[in-house]
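structure12.csv (CSV, C-alpha atoms) appears below.
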```csv
chain,number,residue,atom,x,y,z
A,1,MET,CA,-3.1,-20.0,-15.4
A,2,ARG,CA,-4.4,-18.3,-18.5
A,3,SER,CA,-1.6,-19.7,-20.7
A,4,GLY,CA,-2.9,-23.2,-20.3
A,5,THR,CA,0.5,-24.5,-19.1
A,6,PRO,CA,0.5,-26.1,-15.6
A,7,CYS,CA,2.3,-24.4,-12.8
A,8,SER,CA,2.9,-21.2,-14.8
A,9,ASP,CA,3.2,-18.0,-12.8
A,10,PRO,CA,0.6,-15.3,-13.4
A,11,PRO,CA,1.8,-12.4,-15.6
A,12,MET,CA,3.4,-9.5,-13.7
A,13,THR,CA,0.4,-7.3,-14.8
A,14,ASP,CA,-1.9,-9.5,-12.8
A,15,ASN,CA,0.3,-9.2,-9.7
A,16,LEU,CA,0.5,-5.4,-10.0
A,17,LEU,CA,-3.2,-5.1,-10.5
A,18,THR,CA,-3.9,-7.3,-7.5
A,19,ALA,CA,-1.5,-5.3,-5.4
A,20,PHE,CA,-3.2,-2.0,-6.5
A,21,ALA,CA,-6.6,-3.4,-5.7
A,22,LEU,CA,-5.5,-4.5,-2.2
A,23,MET,CA,-4.0,-1.1,-1.7
A,24,LEU,CA,-7.3,0.6,-2.5
A,25,VAL,CA,-9.2,-1.8,-0.2
A,26,ILE,CA,-6.7,-1.1,2.7
A,27,GLU,CA,-6.7,2.6,2.1
A,28,GLY,CA,-10.5,2.7,2.1
A,29,LEU,CA,-10.8,0.9,5.4
A,30,MET,CA,-10.0,3.9,7.7
A,31,PRO,CA,-12.3,6.5,6.1
A,32,PHE,CA,-15.1,3.8,6.0
A,33,LEU,CA,-14.7,2.6,9.6
A,34,VAL,CA,-13.5,5.7,11.4
A,35,PRO,CA,-14.0,8.8,9.2
A,36,ASN,CA,-13.4,11.3,12.0
A,37,ALA,CA,-10.0,9.8,12.9
A,38,TRP,CA,-9.1,9.7,9.2
A,39,ARG,CA,-10.0,13.4,8.8
A,40,GLU,CA,-8.0,14.3,11.9
A,41,THR,CA,-5.0,12.4,10.5
A,42,PHE,CA,-5.1,14.4,7.3
A,43,ARG,CA,-5.4,17.6,9.3
A,44,ARG,CA,-2.1,16.7,11.0
A,45,LEU,CA,-0.5,15.8,7.7
A,46,ILE,CA,-1.3,19.1,6.2
A,47,GLU,CA,0.4,20.9,9.1
A,48,MET,CA,3.7,18.9,8.6
A,49,SER,CA,6.7,20.4,6.8
A,50,ASP,CA,7.9,18.9,3.5
A,51,GLY,CA,10.8,17.2,5.3
A,52,GLN,CA,8.5,15.6,7.8
A,53,LEU,CA,6.2,14.3,5.0
A,54,ARG,CA,9.1,13.0,3.1
A,55,PHE,CA,10.3,11.1,6.2
A,56,VAL,CA,6.8,9.6,6.7
A,57,GLY,CA,6.8,8.5,3.0
A,58,LEU,CA,10.3,7.1,3.2
A,59,SER,CA,9.5,5.2,6.4
A,60,SER,CA,6.4,3.8,4.7
A,61,MET,CA,8.3,2.7,1.6
A,62,LEU,CA,11.1,1.1,3.7
A,63,ALA,CA,8.6,-0.8,5.9
A,64,GLY,CA,6.9,-2.1,2.7
A,65,LEU,CA,10.1,-3.2,1.2
A,66,ILE,CA,11.2,-5.0,4.3
A,67,LEU,CA,7.9,-6.7,4.6
A,68,LEU,CA,8.1,-7.8,0.9
A,69,TYR,CA,11.7,-9.0,1.5
A,70,PHE,CA,10.6,-11.3,4.3
A,71,LEU,CA,7.4,-12.4,2.6
A,72,ARG,CA,9.0,-13.2,-0.8
A,73,GLY,CA,12.3,-14.2,0.6
```
Taking this structure as input, can you express it in the form of C-alpha coordinates?
Amino acid sequence: MRSGTPCSDPPMTDNLLTAFALMLVIEGLMPFLVPNAWRETFRRLIEMSDGQLRFVGLSSMLAGLILLYFLRG
(Lines of atoms letter the chains of each structure in order from A and count residues from 1; the text may use other names and numbers.)
(Lines give C-alpha, C1' and ligand atoms only; values in the text may rest on other atoms or scores of the structure.)
Protein backbone atom coordinates (compact mmCIF):
# COMPACT_ATOMS: atom_id res chain seq x y z
CA MET A 1 0.00 0.00 0.00
CA ARG A 2 2.50 2.59 -1.13
CA SER A 3 -0.12 5.02 -2.40
CA GLY A 4 -1.51 5.53 1.09
CA THR A 5 -5.05 4.57 0.13
CA PRO A 6 -6.54 1.67 2.06
CA CYS A 7 -7.20 -1.60 0.21
CA SER A 8 -5.33 -0.52 -2.92
CA ASP A 9 -3.82 -3.25 -5.06
CA PRO A 10 -0.04 -3.27 -5.45
CA PRO A 11 1.20 -1.95 -8.78
CA MET A 12 1.61 -4.54 -11.53
CA THR A 13 5.36 -3.99 -11.47
CA ASP A 14 5.47 -5.25 -7.88
CA ASN A 15 3.54 -8.38 -8.87
CA LEU A 16 5.83 -9.05 -11.83
CA LEU A 17 8.97 -8.56 -9.74
CA THR A 18 7.57 -10.85 -7.04
CA ALA A 19 6.77 -13.52 -9.64
CA PHE A 20 10.26 -13.18 -11.12
CA ALA A 21 11.88 -13.45 -7.69
CA LEU A 22 9.86 -16.59 -6.88
CA MET A 23 10.80 -18.09 -10.24
CA LEU A 24 14.50 -17.55 -9.45
CA VAL A 25 14.11 -19.16 -6.02
CA ILE A 26 12.28 -22.18 -7.46
CA GLU A 27 14.75 -22.55 -10.34
CA GLY A 28 17.65 -22.42 -7.89
CA LEU A 29 16.30 -25.20 -5.68
CA MET A 30 17.23 -28.14 -7.89
CA PRO A 31 20.88 -27.19 -8.58
CA PHE A 32 21.30 -26.36 -4.89
CA LEU A 33 19.70 -29.51 -3.49
CA VAL A 34 20.56 -32.12 -6.13
CA PRO A 35 23.23 -30.78 -8.50
CA ASN A 36 23.95 -34.15 -10.15
CA ALA A 37 20.29 -34.71 -11.06
CA TRP A 38 20.09 -31.13 -12.35
CA ARG A 39 23.16 -31.67 -14.53
CA GLU A 40 21.75 -34.96 -15.88
CA THR A 41 18.45 -33.25 -16.70
CA PHE A 42 20.29 -30.68 -18.80
CA ARG A 43 22.27 -33.39 -20.56
CA ARG A 44 18.95 -34.95 -21.58
CA LEU A 45 17.56 -31.58 -22.72
CA ILE A 46 20.61 -31.00 -24.93
CA GLU A 47 19.94 -34.30 -26.70
CA MET A 48 16.30 -33.44 -27.49
CA SER A 49 15.24 -32.19 -30.90
CA ASP A 50 13.86 -28.67 -31.35
CA GLY A 51 10.34 -30.05 -31.64
CA GLN A 52 10.67 -31.96 -28.37
CA LEU A 53 12.02 -28.88 -26.58
CA ARG A 54 9.17 -26.78 -27.95
CA PHE A 55 6.68 -29.35 -26.66
CA VAL A 56 8.28 -29.26 -23.20
CA GLY A 57 8.13 -25.44 -23.24
CA LEU A 58 4.52 -25.39 -24.45
CA SER A 59 3.50 -27.95 -21.81
CA SER A 60 5.16 -25.89 -19.11
CA MET A 61 3.45 -22.68 -20.25
CA LEU A 62 0.04 -24.37 -20.43
CA ALA A 63 0.46 -25.89 -16.97
CA GLY A 64 1.36 -22.46 -15.60
CA LEU A 65 -1.61 -20.80 -17.29
CA ILE A 66 -4.01 -23.45 -16.00
CA LEU A 67 -2.61 -23.08 -12.50
CA LEU A 68 -2.97 -19.29 -12.69
CA TYR A 69 -6.54 -19.66 -13.96
CA PHE A 70 -7.55 -21.78 -10.98
CA LEU A 71 -5.61 -19.73 -8.43
CA ARG A 72 -6.81 -16.33 -9.67
CA GLY A 73 -10.25 -17.52 -10.80
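Take atom CA of Phe55 of chain A and atom CA of Arg43 of chain A: the distance between them is 17.3 Å.
Interatomic distance, atom CA of Arg44 of chain A against atom CA of Leu62 of chain A: 21.7 Å.
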Near-Trp38 of chain A list (12 Å; all atoms listed in the file; drop same-chain fewer than 6 positions) as a count of residues only: 8
